[in-house]
file input.tsv (TSV, C-alpha atoms)
chain	number	residue	atom	x	y	z
A	531	MET	CA	52.03	-51.98	12.65
A	532	ASN	CA	55.58	-51.28	13.74
A	533	ASN	CA	55.54	-48.05	11.80
A	534	TRP	CA	52.29	-46.72	13.24
A	535	PRO	CA	52.95	-43.31	14.76
A	536	LEU	CA	52.87	-42.63	18.45
A	537	TRP	CA	50.02	-40.56	19.94
A	538	GLU	CA	49.67	-38.79	23.26
A	539	VAL	CA	46.36	-39.22	25.04
A	540	PHE	CA	44.64	-36.60	27.19
A	541	ILE	CA	41.55	-37.34	29.27
A	542	ARG	CA	39.07	-34.99	30.91
A	543	SER	CA	37.90	-36.78	34.01
A	544	LYS	CA	34.84	-34.61	34.55
A	545	ASN	CA	33.23	-31.42	33.39
A	546	GLY	CA	35.05	-28.34	34.58
A	547	LEU	CA	38.44	-30.01	34.86
A	548	ASN	CA	41.24	-29.86	32.32
A	549	HIS	CA	42.24	-32.62	29.99
A	550	LYS	CA	45.23	-34.33	31.58
A	551	HIS	CA	47.95	-36.34	29.91
A	552	VAL	CA	47.45	-40.01	30.75
A	553	GLY	CA	49.88	-41.81	28.44
A	554	SER	CA	50.61	-42.71	24.87
A	555	LEU	CA	49.77	-45.39	22.33
A	556	HIS	CA	50.30	-46.44	18.72
A	557	ALA	CA	47.63	-45.99	16.06
A	558	ALA	CA	47.44	-45.60	12.30
A	559	ASP	CA	45.34	-42.44	12.37
A	560	ALA	CA	43.40	-40.08	14.63
A	561	GLU	CA	40.20	-42.11	14.62
A	562	MET	CA	42.00	-45.29	15.66
A	563	ALA	CA	43.99	-43.37	18.26
A	564	MET	CA	40.73	-42.11	19.77
A	565	GLN	CA	39.25	-45.61	19.93
A	566	ASN	CA	42.46	-47.08	21.31
A	567	GLY	CA	42.53	-44.32	23.90
A	568	ARG	CA	38.98	-45.19	24.87
A	569	ASP	CA	39.83	-48.89	25.13
A	570	VAL	CA	43.10	-48.50	26.98
A	571	TYR	CA	42.59	-45.47	29.23
A	572	THR	CA	38.88	-45.18	30.08
A	573	ARG	CA	37.99	-48.74	31.08
A	574	ARG	CA	37.42	-47.78	34.70
A	575	ASN	CA	35.32	-44.67	34.26
A	576	GLU	CA	38.30	-42.38	34.04
A	577	GLY	CA	36.88	-39.92	31.60
A	578	ILE	CA	34.19	-38.11	29.69
A	579	SER	CA	36.29	-36.67	26.89
A	580	ILE	CA	39.45	-37.69	25.02
A	581	TRP	CA	42.00	-35.69	23.07
A	582	VAL	CA	44.70	-37.37	21.06
A	583	VAL	CA	47.61	-35.66	19.37
A	584	GLU	CA	50.44	-37.19	17.41
A	585	SER	CA	53.51	-37.12	19.61
A	586	LYS	CA	55.63	-35.51	16.89
A	587	HIS	CA	53.45	-32.40	17.08
A	588	ILE	CA	54.35	-31.81	20.71
A	589	SER	CA	57.29	-29.52	21.27
A	590	ALA	CA	58.97	-30.29	24.56
A	591	SER	CA	61.43	-28.28	26.58
A	592	ASP	CA	64.98	-29.57	26.72
A	593	PRO	CA	65.80	-31.08	30.12
A	594	ASP	CA	69.34	-29.69	29.79
A	595	GLU	CA	67.90	-26.21	29.78
A	596	GLY	CA	65.94	-26.93	32.95
A	597	GLU	CA	68.13	-24.71	35.11
A	598	SER	CA	67.80	-21.64	32.96
A	599	LEU	CA	64.09	-22.19	32.34
A	600	PHE	CA	62.80	-23.06	35.77
A	601	ASP	CA	65.28	-22.20	38.50
A	602	PRO	CA	64.78	-18.44	38.19
A	603	ALA	CA	61.24	-18.91	39.55
A	604	ASN	CA	62.54	-20.51	42.74
A	605	ASP	CA	63.24	-17.34	44.69
A	606	LYS	CA	60.24	-15.33	43.59
A	607	VAL	CA	57.79	-16.23	46.29
A	608	TYR	CA	55.86	-13.04	45.67
A	609	ARG	CA	54.48	-14.65	42.52
A	610	HIS	CA	52.50	-17.13	44.60
A	611	PRO	CA	49.10	-15.96	45.70
A	612	THR	CA	49.94	-16.91	49.28
A	613	PHE	CA	49.76	-13.31	50.46
A	614	TYR	CA	46.03	-13.16	49.83
A	615	ASN	CA	43.16	-14.93	51.50
A	616	LEU	CA	41.40	-17.16	49.00
A	617	PRO	CA	37.64	-17.42	49.36
A	618	ASP	CA	36.53	-20.93	50.29
A	619	GLU	CA	34.35	-21.25	47.19
A	620	LEU	CA	37.40	-21.09	44.95
A	621	LYS	CA	38.34	-24.64	43.97
A	622	HIS	CA	41.14	-26.04	41.82
A	623	MET	CA	43.63	-23.20	42.32
B	507	MET	CA	6.81	-70.51	32.52
B	508	LYS	CA	6.79	-69.48	28.87
B	509	ASP	CA	8.98	-72.06	27.15
B	510	HIS	CA	9.43	-70.04	24.01
B	511	LEU	CA	10.67	-67.00	25.95
B	512	TYR	CA	12.99	-69.16	28.06
B	513	ASN	CA	14.48	-70.78	24.94
B	514	PHE	CA	14.84	-67.42	23.26
B	515	LEU	CA	16.68	-66.08	26.32
B	516	LEU	CA	19.06	-69.04	26.18
B	517	HIS	CA	19.62	-68.33	22.50
B	518	LEU	CA	20.49	-64.67	23.22
B	519	GLY	CA	22.63	-65.52	26.23
B	520	ASP	CA	24.47	-68.31	24.40
B	521	ASN	CA	25.29	-66.04	21.45
B	522	ALA	CA	26.87	-63.52	23.81
B	523	LEU	CA	28.63	-66.09	26.01
B	524	VAL	CA	30.11	-68.18	23.21
B	525	LEU	CA	31.38	-65.18	21.25
B	526	GLY	CA	32.67	-63.62	24.46
B	527	HIS	CA	34.54	-66.80	25.29
B	528	ARG	CA	35.97	-67.03	21.77
B	529	LEU	CA	37.38	-63.51	22.09
B	530	SER	CA	38.72	-64.24	25.56
B	531	GLU	CA	40.77	-67.10	24.09
B	532	ILE	CA	43.02	-64.56	22.36
B	533	CYS	CA	43.43	-62.33	25.40
B	534	GLY	CA	47.16	-61.52	25.37
B	535	HIS	CA	47.53	-62.51	21.70
B	536	GLY	CA	46.13	-59.42	19.96
B	537	PRO	CA	48.18	-57.95	17.11
B	538	ILE	CA	49.04	-54.92	19.24
B	539	LEU	CA	48.41	-54.06	22.87
B	540	GLU	CA	45.64	-51.55	22.09
B	541	GLN	CA	43.62	-54.02	19.99
B	542	ASP	CA	44.28	-56.77	22.47
B	543	MET	CA	42.57	-54.61	25.09
B	544	ALA	CA	39.79	-53.62	22.70
B	545	MET	CA	38.96	-57.27	22.06
B	546	THR	CA	39.21	-58.16	25.72
B	547	ASN	CA	36.86	-55.28	26.55
B	548	ILE	CA	34.37	-56.59	24.02
B	549	ALA	CA	34.73	-60.11	25.43
B	550	LEU	CA	33.92	-58.76	28.89
B	551	ASP	CA	30.94	-56.78	27.56
B	552	LEU	CA	29.55	-59.92	25.93
B	553	VAL	CA	30.04	-62.12	28.96
B	554	GLY	CA	28.35	-59.40	31.03
B	555	GLN	CA	25.39	-59.34	28.64
B	556	SER	CA	25.06	-63.10	28.83
B	557	ARG	CA	25.03	-62.86	32.63
B	558	ASN	CA	22.12	-60.41	32.60
B	559	ILE	CA	20.17	-62.70	30.32
B	560	PHE	CA	21.01	-65.92	32.18
B	561	GLN	CA	20.08	-64.37	35.53
B	562	TYR	CA	16.68	-63.54	34.10
B	563	ALA	CA	16.31	-67.01	32.54
B	564	ALA	CA	17.32	-68.64	35.84
B	565	ARG	CA	14.71	-66.63	37.76
B	566	MET	CA	12.13	-67.79	35.26
B	567	LYS	CA	13.19	-71.43	35.50
B	568	GLY	CA	13.43	-71.43	39.29
B	569	GLY	CA	14.66	-74.40	41.35
B	570	ASP	CA	18.42	-74.97	41.38
B	571	THR	CA	18.99	-73.16	38.12
B	572	THR	CA	21.44	-70.26	38.30
B	573	GLU	CA	23.36	-68.23	35.75
B	574	ASP	CA	26.31	-70.54	36.45
B	575	THR	CA	24.46	-73.80	35.89
B	576	LEU	CA	23.20	-72.40	32.60
B	577	ALA	CA	26.69	-71.45	31.47
B	578	TYR	CA	28.71	-74.32	32.89
B	579	LEU	CA	26.50	-77.36	33.20
B	580	ARG	CA	24.68	-77.59	29.89
B	581	ASP	CA	26.00	-79.78	27.10
B	582	ALA	CA	26.56	-78.65	23.53
B	583	THR	CA	23.17	-79.86	22.29
B	584	ALA	CA	21.44	-77.62	24.85
B	585	PHE	CA	23.24	-74.51	23.56
B	586	LYS	CA	21.19	-72.42	21.15
B	587	ASN	CA	23.77	-69.97	19.84
B	588	VAL	CA	24.07	-69.40	16.10
B	589	LEU	CA	26.89	-71.29	14.39
B	590	LEU	CA	28.63	-68.05	13.40
B	591	VAL	CA	29.76	-67.20	16.94
B	592	GLU	CA	31.32	-70.59	17.67
B	593	GLN	CA	33.58	-70.48	14.59
B	594	LYS	CA	37.26	-70.40	15.46
B	595	ASN	CA	39.19	-67.15	15.73
B	596	GLY	CA	41.47	-67.89	12.77
B	597	ASP	CA	43.60	-64.90	11.83
B	598	PHE	CA	42.84	-61.30	12.82
B	599	ALA	CA	40.79	-60.80	9.62
B	600	LYS	CA	38.52	-63.71	10.48
B	601	THR	CA	38.11	-62.60	14.10
B	602	ILE	CA	37.19	-59.11	12.87
B	603	LEU	CA	34.80	-60.28	10.19
B	604	ARG	CA	33.00	-62.69	12.54
B	605	GLN	CA	32.59	-59.83	14.99
B	606	PHE	CA	31.31	-57.45	12.33
B	607	LEU	CA	28.80	-59.90	10.83
B	608	TYR	CA	27.50	-60.56	14.34
B	609	ASP	CA	27.47	-56.91	15.48
B	610	ALA	CA	25.64	-55.82	12.33
B	611	TYR	CA	22.92	-58.33	13.29
B	612	ASN	CA	23.00	-57.79	17.02
B	613	TYR	CA	22.65	-54.02	16.83
B	614	PRO	CA	19.30	-53.93	14.94
B	615	LEU	CA	18.12	-56.89	17.02
B	616	TYR	CA	18.76	-55.25	20.41
B	617	LYS	CA	17.52	-51.90	19.16
B	618	ARG	CA	14.17	-53.57	18.49
B	619	LEU	CA	14.25	-55.66	21.68
B	620	MET	CA	14.20	-52.38	23.62
B	621	ASN	CA	10.51	-52.28	22.60
B	622	SER	CA	9.85	-55.94	23.38
B	623	SER	CA	6.52	-56.80	24.99
B	624	ASP	CA	8.60	-58.51	27.69
B	625	LYS	CA	9.62	-55.68	30.02
B	626	ASP	CA	12.63	-57.42	31.60
B	627	LEU	CA	14.09	-58.28	28.23
B	628	ALA	CA	13.47	-54.72	27.04
B	629	ALA	CA	15.40	-53.42	30.06
B	630	ILE	CA	18.31	-55.79	29.42
B	631	ALA	CA	18.38	-54.69	25.77
B	632	GLU	CA	18.44	-51.05	26.79
B	633	LYS	CA	21.36	-51.70	29.11
B	634	SER	CA	23.32	-53.53	26.40
B	635	ILE	CA	22.70	-51.31	23.40
B	636	LYS	CA	25.42	-48.75	24.23
B	637	GLU	CA	28.06	-51.47	24.32
B	638	ILE	CA	26.75	-53.05	21.13
B	639	THR	CA	26.78	-49.67	19.37
B	640	TYR	CA	30.48	-49.37	20.14
B	641	HIS	CA	31.22	-52.96	19.09
B	642	LEU	CA	29.65	-52.31	15.69
B	643	LYS	CA	31.56	-49.07	15.25
B	644	TRP	CA	34.82	-50.79	16.18
B	645	SER	CA	34.39	-53.87	14.00
B	646	SER	CA	33.09	-51.92	10.95
B	647	GLU	CA	36.11	-49.70	11.04
B	648	TRP	CA	38.43	-52.67	11.11
B	649	VAL	CA	36.64	-54.31	8.19
B	650	ILE	CA	37.23	-51.11	6.20
B	651	ARG	CA	40.85	-50.83	7.32
B	652	LEU	CA	41.70	-54.41	6.45
B	653	GLY	CA	39.63	-54.60	3.26
B	654	ASP	CA	41.01	-51.30	2.04
B	655	GLY	CA	44.48	-51.85	3.51
B	656	THR	CA	47.36	-53.79	1.96
B	657	GLU	CA	47.10	-56.58	-0.59
B	658	GLU	CA	47.73	-59.07	2.20
B	659	SER	CA	45.01	-57.71	4.51
B	660	HIS	CA	42.57	-57.49	1.58
B	661	ASN	CA	43.24	-61.13	0.64
B	662	ARG	CA	42.85	-62.24	4.22
B	663	MET	CA	39.50	-60.48	4.45
B	664	ASN	CA	38.39	-62.27	1.28
B	665	ASN	CA	39.43	-65.62	2.77
B	666	ALA	CA	37.48	-64.77	5.92
B	667	ILE	CA	34.40	-63.97	3.82
B	668	GLN	CA	34.77	-67.35	2.12
B	669	ASP	CA	35.00	-69.06	5.52
B	670	LEU	CA	32.15	-67.27	7.27
B	671	TRP	CA	29.57	-66.19	4.73
B	672	SER	CA	27.68	-69.48	4.75
B	673	TYR	CA	27.00	-68.98	8.49
B	674	THR	CA	25.14	-65.70	8.05
B	675	GLY	CA	21.90	-67.11	6.59
B	676	GLU	CA	21.06	-68.77	9.90
B	677	LEU	CA	20.80	-65.41	11.66
B	678	PHE	CA	17.53	-64.66	9.89
B	679	LYS	CA	15.99	-68.12	9.80
B	680	TYR	CA	13.26	-68.46	12.43
B	681	SER	CA	13.52	-71.22	15.02
B	682	ASP	CA	10.29	-72.54	16.58
B	683	TYR	CA	10.73	-70.42	19.70
B	684	GLU	CA	11.48	-67.31	17.66
B	685	ILE	CA	8.21	-67.77	15.78
B	686	SER	CA	6.30	-67.98	19.07
B	687	CYS	CA	8.21	-65.01	20.47
B	688	HIS	CA	7.45	-63.02	17.35
B	689	GLU	CA	3.75	-63.86	17.61
B	690	SER	CA	3.60	-62.66	21.20
B	691	GLY	CA	5.46	-59.41	20.47
B	692	ILE	CA	8.60	-60.39	22.36
B	693	LEU	CA	10.71	-60.49	19.22
B	694	PRO	CA	10.30	-58.20	16.22
B	695	ASP	CA	10.23	-59.38	12.64
B	696	LEU	CA	13.55	-60.97	11.63
B	697	ASN	CA	13.02	-59.78	8.06
B	698	GLY	CA	13.32	-56.16	9.18
B	699	ILE	CA	16.58	-57.02	10.95
B	700	ALA	CA	17.80	-58.84	7.82
B	701	GLU	CA	17.12	-55.74	5.73
B	702	GLU	CA	19.07	-53.54	8.09
B	703	TRP	CA	21.89	-56.11	8.25
B	704	ASN	CA	22.09	-56.34	4.44
B	705	ALA	CA	22.23	-52.57	4.09
B	706	GLU	CA	24.95	-52.22	6.74
B	707	VAL	CA	27.10	-55.04	5.33
B	708	LYS	CA	26.70	-53.70	1.78
B	709	ASN	CA	27.67	-50.24	2.93
B	710	ILE	CA	30.76	-51.27	4.89
B	711	PHE	CA	31.92	-53.82	2.28
B	712	ALA	CA	31.63	-51.15	-0.41
B	713	GLU	CA	33.81	-48.82	1.64
B	714	ALA	CA	36.25	-51.64	2.27
B	715	GLY	CA	36.41	-52.63	-1.40
B	716	LEU	CA	35.08	-56.11	-0.62
B	717	GLU	CA	32.54	-58.07	-2.63
B	718	ILE	CA	29.42	-59.60	-1.16
B	719	PRO	CA	29.26	-63.26	-2.25
B	720	GLU	CA	26.48	-64.50	-4.48
B	721	LYS	CA	23.52	-65.98	-2.68
B	722	ALA	CA	24.55	-69.46	-1.63
B	723	TRP	CA	23.66	-72.42	0.52
B	724	SER	CA	23.87	-71.72	4.24
B	725	HIS	CA	24.43	-73.76	7.36
B	726	ASP	CA	21.91	-73.78	10.15
B	727	GLY	CA	21.08	-75.79	13.25
B	728	GLY	CA	22.74	-73.79	16.00
B	729	LYS	CA	19.48	-72.25	17.21
B	730	ARG	CA	18.04	-75.71	17.83
B	731	GLY	CA	21.21	-77.23	19.32
B	732	VAL	CA	22.81	-78.83	16.27
B	733	HIS	CA	26.31	-77.39	16.28
B	734	SER	CA	29.56	-77.50	14.34
B	735	GLU	CA	32.35	-79.59	15.84
B	736	HIS	CA	33.97	-76.49	17.33
B	737	LEU	CA	31.46	-75.88	20.12
B	738	GLY	CA	32.28	-79.09	22.02
B	739	PHE	CA	35.95	-78.13	22.29
B	740	LEU	CA	35.04	-74.60	23.36
B	741	LEU	CA	32.72	-75.87	26.10
B	742	ALA	CA	35.29	-78.44	27.25
B	743	GLU	CA	37.66	-75.61	28.04
B	744	MET	CA	35.05	-73.17	29.35
B	745	GLN	CA	33.26	-75.68	31.57
B	746	PHE	CA	36.23	-77.72	32.77
B	747	LEU	CA	36.58	-76.09	36.16
B	748	GLN	CA	32.93	-76.40	37.20
B	749	ARG	CA	32.76	-79.96	35.88
B	750	ALA	CA	35.93	-81.05	37.70
B	751	TYR	CA	35.28	-79.06	40.90
B	752	PRO	CA	31.52	-78.57	41.14
B	753	GLY	CA	30.38	-75.44	42.97
B	754	GLN	CA	33.86	-73.91	43.01
B	755	GLU	CA	33.84	-70.13	43.49
B	756	TRP	CA	36.34	-67.32	42.99
call {"tool": "encode", "arguments": {"input": "input.tsv", "output": "C-alpha cells"}}
result
Amino acid sequence: MNNWPLWEVFIRSKNGLNHKHVGSLHAADAEMAMQNGRDVYTRRNEGISIWVVESKHISASDPDEGESLFDPANDKVYRHPTFYNLPDELKHM
Amino acid sequence: MKDHLYNFLLHLGDNALVLGHRLSEICGHGPILEQDMAMTNIALDLVGQSRNIFQYAARMKGGDTTEDTLAYLRDATAFKNVLLVEQKNGDFAKTILRQFLYDAYNYPLYKRLMNSSDKDLAAIAEKSIKEITYHLKWSSEWVIRLGDGTEESHNRMNNAIQDLWSYTGELFKYSDYEISCHESGILPDLNGIAEEWNAEVKNIFAEAGLEIPEKAWSHDGGKRGVHSEHLGFLLAEMQFLQRAYPGQEW
C-alpha cells in the first residue's frame, strides 16, 4: 500500500458551484480513490459530486516563478470589475 | 405486544449492533487511513441502524425498556444476532469477508423489509437501505481486490473463507419468530433472500478468482441465543460502562 499513487480530491458542495480542491489521499485506482474520497471528505454532508485525479497529472506553477507570473497583475486595477455596478441578482462573482 | 415481531426486531438490531461494535474495535487500526475511516463510517452506520430498531422495540415493550437497556443490560443468551457477525476481526481479509457475506444477505433482506406489513419496520428499512447499498458495494470491491490481488492476499481470503463459511448457513435457517413473522407478512421468504445471496456471492467470488466451498455442515444457534464464545467477551467490553456505572450518560 506504500506504493499506491496519490490522488487529489475535488468536491462540489452544491449544484451551481464549482468543484473545489479539498485534499488528497492514497488509492490503488480511480474507483478506490472515489470511494476513499467519499469516506474521508463527505462524512458531514460536504458534497454532492466528487472528482478525483491522480496528482501526477496536475501541472503546477513553480513558486520561484511567482513574481514573474503574478506580480504584474498587482498594478492593473482596471482589470477588476469595480468600475461597474453589479446587479444584486449576480451571485458568486 | 407481538412477541414474534419484538424478537425479530431484537434479532435485526443485534446483528447491526454486534457487527458495528466489532468494526469499532479496529477504529484507528485500519491498514491505511482511508480504509480506517471507511470501516469506522460503516460501524457508525450499523450502530445507527441498531438504534432505530431498538427505539422501536423499546416503544413496543414499554415500561423501563429503552434503546440503552436493550443494548447494554441484556446478557449474551438474550442476544439474537447471527453467529457470523460476532466472529473476531482477524486479519483485514477476514474483516472484509465477514462484512461482504453479511452485506450480501442484509441488502436483499432490507430491500424486502421495505415492503413489510409492519409499517414502522418498513420505514426503518427504507432509511437504512442507502447505507447498506454502499456497504455492499464497498465490501464486494474489496473481496475482488484481495481475491484477485497478490498471492498473499488471495491466500488470506481463502483462509477467511475457511474460517467463516460454516457461519453462512444460519442466515437462511428460520427461527421460530421468523416463521411467525413470515406468516404475518412482516418478513419475506428467506429462500428468496438465499437465492439472491448465492447469486451475489457466486458473482463476486468468480470475479475475485475465489472458490465457493462445497456444501458443508453449518453452525447455528445465534438467532435463539446460543452463541460462540466470542460474544461474551464482546459484550463485556461493550457493556462495561453501563454495568459499572448504571445510568451514566455522555
call {"tool": "interface_residues", "arguments": {"input": "input.tsv", "of": "chain B", "to": "chain A", "cutoff": "9 Å", "atoms": "only C-alpha atoms", "output": "compact mmCIF listing (two decimals) with C-alpha atoms, in the frame of the given file"}}
result
# COMPACT_ATOMS: atom_id res chain seq x y z
CA PRO B 537 48.18 -57.95 17.11
CA ILE B 538 49.04 -54.92 19.24
CA LEU B 539 48.41 -54.06 22.87
CA GLU B 540 45.64 -51.55 22.09
CA GLN B 541 43.62 -54.02 19.99
CA MET B 543 42.57 -54.61 25.09
CA ALA B 544 39.79 -53.62 22.70
CA MET B 545 38.96 -57.27 22.06
CA ASN B 547 36.86 -55.28 26.55
CA TRP B 644 34.82 -50.79 16.18
CA GLU B 647 36.11 -49.70 11.04
call {"tool": "closest_residue", "arguments": {"input": "input.tsv", "among": "A:Gly553, A:Pro611, A:Pro593, A:Gly577", "to": "Trp537 of chain A", "atoms": "only C-alpha atoms"}}
result
A:Gly553
call {"tool": "atom_distance", "arguments": {"input": "input.tsv", "atom1": "atom CA of Asp609 of chain B", "atom2": "atom CA of Glu637 of chain B"}}
result
10.4 Å
call {"tool": "residues_around", "arguments": {"input": "input.tsv", "residues": "segment 683-700 of chain B", "least_positions_apart": "3", "cutoff": "12 Å", "atoms": "only C-alpha atoms", "output": "ChimeraX atom specification"}}
result
/B:508-518,586,607-628,631,674-680,703-708,729-730
call {"tool": "residues_around", "arguments": {"input": "input.tsv", "residues": "Ser645 of chain B", "least_positions_apart": "2", "cutoff": "8 Å", "atoms": "only C-alpha atoms", "output": "MDAnalysis selection string"}}
result
chainID B and resid 602:603 605:606 609 641:643 647:649
call {"tool": "closest_residue", "arguments": {"input": "input.tsv", "among": "A:Asp592, A:Ser579, A:Asp618, A:Asp559", "to": "Ser543 of chain A", "atoms": "only C-alpha atoms"}}
result
A:Ser579
call {"tool": "atom_distance", "arguments": {"input": "input.tsv", "atom1": "atom CA of Ile559 of chain B", "atom2": "atom CA of Asp581 of chain B"}}
result
18.3 Å
call {"tool": "residues_around", "arguments": {"input": "input.tsv", "residues": "Ile580 of chain A", "least_positions_apart": "5", "cutoff": "9 Å", "atoms": "all atoms listed in the file", "output": "PDB file with C-alpha atoms, keeping the file's coordinate frame"}}
result
ATOM      1  CA  VAL A 539      46.360 -39.220  25.040  1.00  0.00           C
ATOM      2  CA  PHE A 540      44.640 -36.600  27.190  1.00  0.00           C
ATOM      3  CA  ILE A 541      41.550 -37.340  29.270  1.00  0.00           C
ATOM      4  CA  ARG A 542      39.070 -34.990  30.910  1.00  0.00           C
ATOM      5  CA  HIS A 549      42.240 -32.620  29.990  1.00  0.00           C
ATOM      6  CA  MET A 564      40.730 -42.110  19.770  1.00  0.00           C
ATOM      7  CA  GLY A 567      42.530 -44.320  23.900  1.00  0.00           C
ATOM      8  CA  ARG A 568      38.980 -45.190  24.870  1.00  0.00           C
TER       9      ARG A 568
END
call {"tool": "atom_distance", "arguments": {"input": "input.tsv", "atom1": "atom CA of Ile588 of chain A", "atom2": "atom CA of Leu536 of chain A"}}
result
11.2 Å
call {"tool": "closest_residue", "arguments": {"input": "input.tsv", "among": "B:Ser646, B:Gln754, B:Gln561, B:Asn595", "to": "Ala712 of chain B", "atoms": "all atoms listed in the file"}}
result
B:Ser646
call {"tool": "closest_residue", "arguments": {"input": "input.tsv", "among": "B:Ile638, B:Ile667, B:Val524, B:Val591", "to": "Glu743 of chain B", "atoms": "only C-alpha atoms"}}
result
B:Val524
call {"tool": "residues_around", "arguments": {"input": "input.tsv", "residues": "Val553 of chain B", "least_positions_apart": "5", "cutoff": "7 Å", "atoms": "only C-alpha atoms", "output": "MDAnalysis selection string"}}
result
chainID B and resid 522:523 526
call {"tool": "build_atoms", "arguments": {"input": "input.tsv", "residues": "segment 677-689 of chain B", "atoms": "N, CA, C and O atoms", "output": "PDB file, in the frame of the given file"}}
result
ATOM      1  N   LEU B 677      21.204 -66.499  10.780  1.00  0.00           N
ATOM      2  CA  LEU B 677      20.800 -65.410  11.660  1.00  0.00           C
ATOM      3  C   LEU B 677      19.326 -65.048  11.463  1.00  0.00           C
ATOM      4  O   LEU B 677      18.633 -64.676  12.404  1.00  0.00           O
ATOM      5  N   PHE B 678      18.869 -65.163  10.225  1.00  0.00           N
ATOM      6  CA  PHE B 678      17.530 -64.660   9.890  1.00  0.00           C
ATOM      7  C   PHE B 678      16.511 -65.761   9.637  1.00  0.00           C
ATOM      8  O   PHE B 678      15.429 -65.513   9.141  1.00  0.00           O
ATOM      9  N   LYS B 679      16.894 -66.984   9.972  1.00  0.00           N
ATOM     10  CA  LYS B 679      15.990 -68.120   9.800  1.00  0.00           C
ATOM     11  C   LYS B 679      15.306 -68.398  11.141  1.00  0.00           C
ATOM     12  O   LYS B 679      15.986 -68.693  12.125  1.00  0.00           O
ATOM     13  N   TYR B 680      14.000 -68.288  11.165  1.00  0.00           N
ATOM     14  CA  TYR B 680      13.260 -68.460  12.430  1.00  0.00           C
ATOM     15  C   TYR B 680      13.403 -69.863  13.005  1.00  0.00           C
ATOM     16  O   TYR B 680      13.242 -70.859  12.300  1.00  0.00           O
ATOM     17  N   SER B 681      13.676 -69.959  14.294  1.00  0.00           N
ATOM     18  CA  SER B 681      13.520 -71.220  15.020  1.00  0.00           C
ATOM     19  C   SER B 681      12.082 -71.253  15.528  1.00  0.00           C
ATOM     20  O   SER B 681      11.378 -70.245  15.476  1.00  0.00           O
ATOM     21  N   ASP B 682      11.657 -72.422  16.049  1.00  0.00           N
ATOM     22  CA  ASP B 682      10.290 -72.540  16.580  1.00  0.00           C
ATOM     23  C   ASP B 682      10.010 -71.483  17.655  1.00  0.00           C
ATOM     24  O   ASP B 682       8.982 -70.817  17.650  1.00  0.00           O
ATOM     25  N   TYR B 683      10.987 -71.359  18.602  1.00  0.00           N
ATOM     26  CA  TYR B 683      10.730 -70.420  19.700  1.00  0.00           C
ATOM     27  C   TYR B 683      10.752 -68.973  19.238  1.00  0.00           C
ATOM     28  O   TYR B 683      10.090 -68.120  19.809  1.00  0.00           O
ATOM     29  N   GLU B 684      11.501 -68.687  18.168  1.00  0.00           N
ATOM     30  CA  GLU B 684      11.480 -67.310  17.660  1.00  0.00           C
ATOM     31  C   GLU B 684      10.133 -66.987  17.005  1.00  0.00           C
ATOM     32  O   GLU B 684       9.648 -65.861  17.097  1.00  0.00           O
ATOM     33  N   ILE B 685       9.537 -67.988  16.364  1.00  0.00           N
ATOM     34  CA  ILE B 685       8.210 -67.770  15.780  1.00  0.00           C
ATOM     35  C   ILE B 685       7.208 -67.424  16.888  1.00  0.00           C
ATOM     36  O   ILE B 685       6.483 -66.432  16.815  1.00  0.00           O
ATOM     37  N   SER B 686       7.229 -68.242  17.957  1.00  0.00           N
ATOM     38  CA  SER B 686       6.300 -67.980  19.070  1.00  0.00           C
ATOM     39  C   SER B 686       6.575 -66.631  19.712  1.00  0.00           C
ATOM     40  O   SER B 686       5.650 -65.908  20.084  1.00  0.00           O
ATOM     41  N   CYS B 687       7.859 -66.296  19.864  1.00  0.00           N
ATOM     42  CA  CYS B 687       8.210 -65.010  20.470  1.00  0.00           C
ATOM     43  C   CYS B 687       7.754 -63.867  19.570  1.00  0.00           C
ATOM     44  O   CYS B 687       7.302 -62.828  20.052  1.00  0.00           O
ATOM     45  N   HIS B 688       7.885 -64.069  18.275  1.00  0.00           N
ATOM     46  CA  HIS B 688       7.450 -63.020  17.350  1.00  0.00           C
ATOM     47  C   HIS B 688       5.937 -62.830  17.455  1.00  0.00           C
ATOM     48  O   HIS B 688       5.445 -61.701  17.494  1.00  0.00           O
ATOM     49  N   GLU B 689       5.215 -63.939  17.539  1.00  0.00           N
ATOM     50  CA  GLU B 689       3.750 -63.860  17.610  1.00  0.00           C
ATOM     51  C   GLU B 689       3.276 -63.153  18.872  1.00  0.00           C
ATOM     52  O   GLU B 689       2.243 -62.497  18.869  1.00  0.00           O
TER      53      GLU B 689
END
